[in-house]
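*Asks:* Next comes the structure file protein.tsv, holding TSV, C-alpha atoms and all ligand atoms.
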chain	number	residue	atom	x	y	z
I	1	MET	CA	0.00	0.00	0.00
I	2	PRO	CA	2.15	2.92	-1.10
I	3	TRP	CA	-0.49	5.60	-0.49
I	4	LEU	CA	-1.96	7.18	2.61
I	5	TRP	CA	-5.51	6.88	1.26
I	6	SER	CA	-5.29	3.15	0.54
I	7	CYS	CA	-4.44	2.34	4.14
I	8	ALA	CA	-6.80	4.87	5.78
I	9	SER	CA	-9.80	4.18	3.57
I	10	HIS	CA	-9.40	0.44	4.05
I	11	VAL	CA	-9.58	0.89	7.83
I	12	ALA	CA	-12.63	3.16	7.39
I	13	THR	CA	-14.48	0.35	5.58
I	14	LEU	CA	-14.39	-1.54	8.88
I	15	GLY	CA	-16.84	1.04	10.23
I	16	SER	CA	-14.46	3.26	12.19
I	17	GLU	CA	-14.04	7.02	12.26
I	18	VAL	CA	-10.55	7.41	10.77
I	19	ILE	CA	-8.06	10.27	10.65
I	20	GLY	CA	-5.21	9.76	8.18
I	21	ILE	CA	-2.05	11.86	8.51
I	22	ASP	CA	1.03	12.39	6.36
I	23	PRO	CA	3.32	15.45	6.23
I	24	THR	CA	3.40	15.49	2.43
I	25	THR	CA	0.94	17.81	0.70
I	26	ALA	CA	0.71	15.55	-2.37
I	27	GLN	CA	-0.16	12.49	-0.27
I	28	VAL	CA	-2.86	14.33	1.65
I	29	ARG	CA	-4.30	15.87	-1.52
I	30	ALA	CA	-4.39	12.47	-3.28
I	31	ALA	CA	-5.97	10.95	-0.17
I	32	ARG	CA	-8.74	13.56	-0.12
I	33	ASP	CA	-9.38	12.99	-3.85
I	34	ARG	CA	-9.26	9.21	-3.85
I	35	GLY	CA	-9.79	7.82	-0.36
I	36	ALA	CA	-13.33	8.74	0.65
I	37	GLY	CA	-14.35	8.05	4.24
I	38	PRO	CA	-11.52	9.20	6.51
I	39	ARG	CA	-10.55	12.77	7.37
I	40	TYR	CA	-6.99	13.68	6.38
I	41	ALA	CA	-4.47	16.12	7.81
I	42	ARG	CA	-0.97	17.17	6.97
I	43	ALA	CA	0.97	16.26	10.10
I	44	ARG	CA	3.97	14.28	11.29
I	45	ALA	CA	3.76	11.04	13.21
I	46	GLU	CA	6.04	12.68	15.82
I	47	ALA	CA	3.32	15.28	16.56
I	48	VAL	CA	-0.11	13.70	16.06
I	49	PRO	CA	-2.96	16.24	16.09
I	50	CYS	CA	-5.12	14.24	18.53
I	51	ARG	CA	-5.68	14.46	22.26
I	52	ASP	CA	-4.26	12.02	24.80
I	53	ALA	CA	-6.16	8.71	24.99
I	54	SER	CA	-8.61	9.71	22.26
I	55	SER	CA	-8.22	6.76	19.84
I	56	ASP	CA	-9.17	3.11	19.97
I	57	ALA	CA	-6.52	2.13	17.38
I	58	VAL	CA	-3.46	3.53	15.62
I	59	VAL	CA	-2.05	2.06	12.39
I	60	LEU	CA	1.45	3.25	11.52
I	61	CYS	CA	2.05	1.99	7.99
I	62	LEU	CA	5.46	1.96	6.27
I	63	ALA	CA	6.45	5.39	7.59
I	64	LEU	CA	8.88	4.83	10.51
I	65	GLU	CA	11.66	3.93	8.08
I	66	HIS	CA	11.48	7.51	6.80
I	67	ILE	CA	11.52	9.21	10.21
I	68	ASP	CA	14.67	10.20	12.12
I	69	ALA	CA	12.96	10.57	15.49
I	70	PHE	CA	11.05	7.30	15.19
I	71	GLU	CA	10.88	6.86	18.98
I	72	ASP	CA	8.87	10.09	19.18
I	73	ALA	CA	6.43	8.72	16.60
I	74	ILE	CA	5.97	5.54	18.64
I	75	SER	CA	5.41	7.50	21.87
I	76	GLU	CA	2.91	9.70	20.07
I	77	ALA	CA	0.97	6.60	19.04
I	78	ALA	CA	0.99	5.44	22.67
I	79	ARG	CA	-0.08	8.90	23.86
I	80	VAL	CA	-3.21	9.09	21.70
I	81	LEU	CA	-4.33	5.50	22.41
I	82	GLU	CA	-6.95	4.74	25.01
I	83	PRO	CA	-5.74	2.35	27.71
I	84	GLY	CA	-5.55	-1.19	26.29
I	85	ALA	CA	-6.22	0.03	22.72
I	86	ARG	CA	-4.70	-1.51	19.62
I	87	PHE	CA	-1.49	-0.41	17.87
I	88	VAL	CA	-0.51	-1.89	14.49
I	89	LEU	CA	2.93	-1.21	13.03
I	90	LEU	CA	3.91	-2.14	9.47
I	91	LEU	CA	7.59	-2.05	8.61
I	92	ALA	CA	9.64	-2.93	5.56
I	93	ARG	CA	11.13	-6.09	7.07
I	94	PRO	CA	14.42	-4.79	8.54
I	95	LEU	CA	16.47	-7.97	8.11
I	96	LEU	CA	15.73	-8.10	4.40
I	97	GLN	CA	15.95	-4.37	3.68
I	98	ALA	CA	19.37	-3.65	5.20
I	99	PRO	CA	21.52	-1.62	2.78
I	100	GLY	CA	23.21	-4.00	0.33
I	101	SER	CA	20.32	-6.49	0.37
I	102	GLY	CA	18.68	-7.70	-2.82
I	103	TRP	CA	18.24	-10.48	-5.30
I	104	VAL	CA	21.36	-12.12	-6.65
I	105	ASP	CA	21.04	-14.12	-9.86
I	106	ASP	CA	24.30	-16.01	-10.02
I	107	ARG	CA	24.24	-17.69	-13.41
I	108	ILE	CA	27.75	-19.11	-13.04
I	109	VAL	CA	26.87	-21.32	-10.08
I	110	GLY	CA	23.19	-21.41	-11.04
I	111	GLU	CA	21.84	-19.87	-7.83
I	112	HIS	CA	19.16	-17.24	-7.33
I	113	TYR	CA	18.94	-15.93	-3.77
I	114	TRP	CA	18.30	-12.89	-1.54
I	115	ARG	CA	21.50	-11.45	-0.14
I	116	ILE	CA	21.25	-9.81	3.31
I	117	GLY	CA	23.24	-6.60	3.70
I	118	SER	CA	24.77	-5.09	6.86
I	119	TYR	CA	21.86	-5.74	9.19
I	120	LEU	CA	23.28	-4.47	12.49
I	121	ARG	CA	24.73	-1.30	10.97
I	122	GLU	CA	22.21	1.53	10.94
I	123	GLY	CA	22.27	3.61	7.81
I	124	THR	CA	20.39	5.98	5.54
I	125	VAL	CA	19.88	5.41	1.84
I	126	VAL	CA	18.67	8.29	-0.32
I	127	ASP	CA	17.04	7.33	-3.63
I	128	THR	CA	16.27	10.06	-6.13
I	129	VAL	CA	12.92	8.77	-7.43
I	130	ALA	CA	12.27	11.77	-9.70
I	131	PRO	CA	14.18	14.97	-10.49
I	132	GLY	CA	14.33	16.88	-7.20
I	133	VAL	CA	12.44	14.17	-5.28
I	134	ASP	CA	14.57	12.24	-2.80
I	135	PHE	CA	13.24	9.21	-0.98
I	136	VAL	CA	15.02	8.76	2.35
I	137	PHE	CA	15.09	5.26	3.82
I	138	ILE	CA	16.61	4.71	7.27
I	139	HIS	CA	17.63	1.16	8.07
I	140	ARG	CA	17.59	0.05	11.72
I	141	PRO	CA	17.60	-3.43	13.26
I	142	LEU	CA	14.15	-4.63	14.31
I	143	SER	CA	15.18	-4.51	17.99
I	144	ARG	CA	15.26	-0.67	17.86
I	145	TYR	CA	11.54	-0.62	17.07
I	146	VAL	CA	10.65	-3.32	19.58
I	147	HIS	CA	12.60	-1.55	22.37
I	148	ALA	CA	10.91	1.77	21.56
I	149	MET	CA	7.49	0.12	21.73
I	150	GLY	CA	8.33	-1.37	25.12
I	151	GLU	CA	9.54	2.03	26.37
I	152	ALA	CA	6.23	3.54	25.27
I	153	GLY	CA	4.22	0.89	27.12
I	154	LEU	CA	3.09	-0.91	23.96
I	155	SER	CA	3.02	-4.69	24.47
I	156	ILE	CA	3.42	-6.80	21.35
I	157	ASP	CA	0.97	-9.70	21.21
I	158	ASP	CA	1.16	-10.82	17.59
I	159	MET	CA	3.23	-10.59	14.41
I	160	GLU	CA	2.53	-11.37	10.76
I	161	GLU	CA	4.89	-11.90	7.83
I	162	PRO	CA	2.76	-11.93	4.68
I	163	SER	CA	3.99	-13.32	1.40
I	164	PRO	CA	4.87	-10.46	-1.00
I	165	PRO	CA	2.22	-9.10	-3.36
I	166	PRO	CA	2.46	-9.79	-7.14
I	167	GLY	CA	4.41	-6.58	-7.87
I	168	PHE	CA	7.27	-7.67	-5.62
I	169	LEU	CA	7.24	-11.20	-7.02
I	170	ALA	CA	7.53	-9.80	-10.54
I	171	GLU	CA	10.67	-7.92	-9.41
I	172	ALA	CA	12.23	-11.28	-8.51
I	173	GLY	CA	12.12	-12.30	-12.18
I	174	GLY	CA	9.67	-15.16	-11.75
I	175	PHE	CA	11.81	-16.89	-9.09
I	176	ALA	CA	9.24	-19.10	-7.33
I	177	GLU	CA	11.02	-19.03	-3.94
I	178	ALA	CA	10.42	-15.27	-3.77
I	179	ALA	CA	6.92	-16.03	-2.48
I	180	THR	CA	8.52	-17.51	0.66
I	181	ILE	CA	10.46	-14.34	1.59
I	182	PRO	CA	8.35	-11.69	3.35
I	183	ARG	CA	9.17	-8.07	2.57
I	184	VAL	CA	6.83	-6.51	5.13
I	185	LEU	CA	6.42	-7.17	8.82
I	186	LEU	CA	3.31	-6.43	10.88
I	187	LEU	CA	3.48	-6.09	14.67
I	188	ARG	CA	0.30	-5.95	16.72
I	189	ALA	CA	0.47	-4.43	20.19
I	190	ARG	CA	-1.74	-3.03	22.93
I	191	ALA	CA	-1.37	0.18	24.90
I	192	ALA	CA	-0.84	-0.08	28.63
I	193	PRO	CA	-4.06	-0.91	30.46
I	194	GLU	CA	-6.07	1.56	32.58
I	195	LEU	CA	-3.98	3.14	35.33
I	196	PRO	CA	-4.58	1.65	38.78
I	197	ILE	CA	-6.90	3.58	41.11
I	198	SER	CA	-5.41	5.05	44.28
I	199	GLY	CA	-7.01	4.85	47.73
I	200	ARG	CA	-8.64	8.24	47.08
I	201	GLY	CA	-10.41	6.85	43.99
I	202	ARG	CA	-8.18	8.68	41.51
I	203	PRO	CA	-6.01	7.09	38.81
I	204	VAL	CA	-2.36	6.81	39.81
I	205	GLY	CA	0.24	8.18	37.34
I	206	ARG	CA	-0.05	10.34	34.28
I	207	ARG	CA	-0.48	9.78	30.56
I	208	THR	CA	1.99	11.95	28.65
I	209	ARG	CA	1.64	15.28	26.83
I	210	ALA	CA	-1.07	17.68	25.75
I	211	PRO	CA	-2.49	17.58	22.17
I	212	VAL	CA	-0.71	19.32	19.33
I	213	GLY	CA	-1.98	20.94	16.16
I	214	THR	CA	-1.77	19.88	12.50
I	215	SER	CA	0.49	21.70	10.05
I	216	ASP	CA	-2.53	23.85	9.16
I	217	GLY	CA	-3.24	24.73	12.80
I	218	SER	CA	-6.27	22.53	13.53
I	219	SER	CA	-6.52	19.77	16.11
I	220	TYR	CA	-8.62	16.61	16.26
I	221	ALA	CA	-10.25	15.87	19.57
I	222	SER	CA	-13.27	13.73	18.74
I	223	SER	CA	-13.30	11.71	21.95
I	224	ALA	CA	-11.05	13.84	24.10
I	225	ARG	CA	-10.27	12.91	27.69
I	226	SER	CA	-8.62	15.06	30.30
I	227	ASP	CA	-5.13	14.17	31.51
I	228	ARG	CA	-5.05	11.89	34.49
I	229	GLU	CA	-3.09	12.89	37.54
I	301	LIG	C1	6.26	4.28	1.72
I	301	LIG	S1	5.19	5.65	1.96
I	301	LIG	C2	3.84	4.90	2.84
I	301	LIG	C3	2.55	5.67	2.68
I	301	LIG	C4	1.35	5.15	3.48
I	301	LIG	N1	1.61	5.31	4.91
I	301	LIG	C5	0.98	3.73	3.15
I	301	LIG	O1	1.56	2.82	3.70
I	301	LIG	O2	0.10	3.52	2.33
I	301	LIG	C6	6.05	6.54	3.24
I	301	LIG	C7	5.29	7.74	3.73
I	301	LIG	O3	5.87	8.19	4.94
I	301	LIG	C8	5.59	9.55	4.98
I	301	LIG	N2	6.38	10.23	6.01
I	301	LIG	C9	7.64	10.75	5.91
I	301	LIG	N3	7.98	11.35	7.06
I	301	LIG	C10	6.92	11.21	7.90
I	301	LIG	C11	6.66	11.64	9.24
I	301	LIG	N4	7.57	12.33	9.94
I	301	LIG	N5	5.46	11.33	9.77
I	301	LIG	C12	4.53	10.62	9.08
I	301	LIG	N6	4.73	10.18	7.81
I	301	LIG	C13	5.91	10.47	7.24
I	301	LIG	C14	5.91	10.03	3.57
I	301	LIG	O4	5.35	11.29	3.29
I	301	LIG	C15	5.29	8.90	2.76
I	301	LIG	O5	3.99	9.21	2.36
Could you take the file, read its structure, and then write that structure out as structure tokens?

*Replies:*
Amino acid sequence: MPWLWSCASHVATLGSEVIGIDPTTAQVRAARDRGAGPRYARARAEAVPCRDASSDAVVLCLALEHIDAFEDAISEAARVLEPGARFVLLLARPLLQAPGSGWVDDRIVGEHYWRIGSYLREGTVVDTVAPGVDFVFIHRPLSRYVHAMGEAGLSIDDMEEPSPPPGFLAEAGGFAEAATIPRVLLLRARAAPELPISGRGRPVGRRTRAPVGTSDGSSYASSARSDRE
């Protein structure tokens, strides 16, 4: 799903009120034109324009690999989730996307295989996809994401590794084994449960920061809750 609208409008078909965000004007414009159902805003995952504990699910789809401060994006997801609510993270599978990875078609020894690059070395690859348009991809080991989720109180309870879609299989030149190598990873997690109640009948602890605005100054607060003390 390379477009904001395809992900957001799919979730909206499940009957939810959906807000889709992306910092890129073109993505948000295309989403408004093509992905009926959700509302869209130009905003960064590191500063989500929603109040604390106002969402029953967050889907972060194929974006963290393009974000320097990815830990901030994960804590933002945790901040806007209601206690116990669902977080879904889709990543380009880090082990297979490390710089230097890719198909090798060795016709001398008659082998066709996926080479894994420098997995433990973090690095940024910049692809110029069109004149003046750079696509920044930051490789990190999977553990960086899992640690950040733990730090944010997001507990992983499931993982999926789907077989690649036809477009990716075509890239492998018809090599049948390509269907057995997942390119995307899905982690399912839950936000920390409701805070315990103190002897005075008040929740103990505090759920993170105040809401922030979108790039155009608005803020979504459909099911806002006040901060707990
Ligand atoms: C590979 S595309 C995925 C698009 C869409 N999320 C999907 O999966 O259908 C990567 C997207 O990440 C977005 N992106 C880059 N920096 C971001 C940030 N700080 N916060 C949220 N999204 C960001 C880009 O604008 C781009 O649309």

*Asks:* Under the rule that all atoms listed in the file are counted, which of I:Leu14, I:Ile181, I:Ala26, I:Ala41 is the nearest residue to I:Gly102?

*Replies:*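 Closest residue, counting all atoms listed in the file: I:Ile181.
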
*Asks:* If I wrap all listed atoms of stretch 132-144 of chain I in a box with edges along x, y and z and add 5 Å on each side, what are its centre and edge lengths in Å to one decimal, as JSON?

*Replies:*
{"center_x": 15.0, "center_y": 6.1, "center_z": 5.4, "size_x": 15.2, "size_y": 31.5, "size_z": 35.2}

*Asks:* Between I:Ser155, I:Val80, I:Val184, I:Ala53, which residue has the minimum interatomic distance to ligand LIG 301 (chain I), considering all atoms listed in the file?

*Replies:* I:Val184

*Asks:* Give me the residues of chain I that have any atom at most 8 Å from an atom of ligand LIG 301 (chain I); for each, the nearest atom pair and the distance in Å, rounded to one decimal. Use all atoms listed in the file, sort by chain and number, and format it as JSON lines.

*Replies:*
{"residue": "I:Met1", "atom": "CA", "partner": "I:LIG301", "partner_atom": "O2", "distance": 4.2}
{"residue": "I:Pro2", "atom": "CA", "partner": "I:LIG301", "partner_atom": "O2", "distance": 4.0}
{"residue": "I:Trp3", "atom": "CA", "partner": "I:LIG301", "partner_atom": "O2", "distance": 3.6}
{"residue": "I:Leu4", "atom": "CA", "partner": "I:LIG301", "partner_atom": "C4", "distance": 4.0}
{"residue": "I:Trp5", "atom": "CA", "partner": "I:LIG301", "partner_atom": "O2", "distance": 6.6}
{"residue": "I:Ser6", "atom": "CA", "partner": "I:LIG301", "partner_atom": "O2", "distance": 5.7}
{"residue": "I:Cys7", "atom": "CA", "partner": "I:LIG301", "partner_atom": "O2", "distance": 5.0}
{"residue": "I:Ala8", "atom": "CA", "partner": "I:LIG301", "partner_atom": "O2", "distance": 7.8}
{"residue": "I:Ile21", "atom": "CA", "partner": "I:LIG301", "partner_atom": "C12", "distance": 6.7}
{"residue": "I:Asp22", "atom": "CA", "partner": "I:LIG301", "partner_atom": "N6", "distance": 4.5}
{"residue": "I:Pro23", "atom": "CA", "partner": "I:LIG301", "partner_atom": "O4", "distance": 5.5}
{"residue": "I:Thr24", "atom": "CA", "partner": "I:LIG301", "partner_atom": "O4", "distance": 4.7}
{"residue": "I:Gln27", "atom": "CA", "partner": "I:LIG301", "partner_atom": "O5", "distance": 5.9}
{"residue": "I:Ala43", "atom": "CA", "partner": "I:LIG301", "partner_atom": "N5", "distance": 6.7}
{"residue": "I:Arg44", "atom": "CA", "partner": "I:LIG301", "partner_atom": "N5", "distance": 3.6}
{"residue": "I:Ala45", "atom": "CA", "partner": "I:LIG301", "partner_atom": "N5", "distance": 3.8}
{"residue": "I:Glu46", "atom": "CA", "partner": "I:LIG301", "partner_atom": "N4", "distance": 6.1}
{"residue": "I:Leu60", "atom": "CA", "partner": "I:LIG301", "partner_atom": "N1", "distance": 6.9}
{"residue": "I:Cys61", "atom": "CA", "partner": "I:LIG301", "partner_atom": "O1", "distance": 4.4}
{"residue": "I:Leu62", "atom": "CA", "partner": "I:LIG301", "partner_atom": "O1", "distance": 4.7}
{"residue": "I:Ala63", "atom": "CA", "partner": "I:LIG301", "partner_atom": "O3", "distance": 3.9}
{"residue": "I:Leu64", "atom": "CA", "partner": "I:LIG301", "partner_atom": "C13", "distance": 7.2}
{"residue": "I:Glu65", "atom": "CA", "partner": "I:LIG301", "partner_atom": "O3", "distance": 7.8}
{"residue": "I:His66", "atom": "CA", "partner": "I:LIG301", "partner_atom": "C9", "distance": 5.1}
{"residue": "I:Ile67", "atom": "CA", "partner": "I:LIG301", "partner_atom": "N4", "distance": 5.0}
{"residue": "I:Asp68", "atom": "CA", "partner": "I:LIG301", "partner_atom": "N4", "distance": 7.7}
{"residue": "I:Ala69", "atom": "CA", "partner": "I:LIG301", "partner_atom": "N4", "distance": 7.9}
{"residue": "I:Ala73", "atom": "CA", "partner": "I:LIG301", "partner_atom": "N5", "distance": 7.4}
{"residue": "I:Leu90", "atom": "CA", "partner": "I:LIG301", "partner_atom": "O1", "distance": 8.0}

*Asks:* So, counting only C-alpha atoms, which residue among I:Ile138, I:Ala192, I:Val58, I:Leu96 is closest to I:Tyr119?

*Replies:*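 When distances to I:Tyr119 are compared using only C-alpha atoms, the smallest one comes from I:Leu96.
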
*Asks:* Skip I:Arg190 itself and residues of its chain fewer than 5 positions away, then list as a PyMOL selection string all residues within 12 Å of it, counting all atoms listed in the file.

*Replies:* chain I and resi 56-59+77-78+81-89+149-150+152-158

*Asks:* Using only C-alpha atoms for the distances, tell me which of I:Ser16, I:Thr25, I:Ser55, I:Thr180 is nearest to I:Tyr113.

*Replies:*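 Nearest to I:Tyr113: I:Thr180.
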
*Asks:* Looking at all atoms listed in the file, which of I:Asp127, I:Glu171, I:Glu76, I:Glu17 is the one that sits closest to I:Ala148?

*Replies:* I:Glu76

*Asks:* Between I:Val28, I:Ala170, I:Glu161, I:Arg39, which has the minimum distance to I:Ala12 (counting only C-alpha atoms)?

*Replies:*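 Among the listed residues, the smallest separation from I:Ala12 belongs to I:Arg39.
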
*Asks:* In Å to one decimal, how far is atom CA of I:Ser101 from atom CA of I:Glu151?

*Replies:*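 Those two atoms sit 29.4 Å apart.
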
*Asks:* Can you measure atom CA of I:Pro99 to atom CA of I:Phe70 for me? One decimal in Å is fine.

*Replies:*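 Result for atom CA of I:Pro99 versus atom CA of I:Phe70: 18.5 Å, one decimal.
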
*Asks:* For atom CA of I:Arg140 and atom CA of I:Pro94, determine how far apart the two atoms are, in Å to one decimal place.

*Replies:*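 These two atoms are separated by 6.6 Å.
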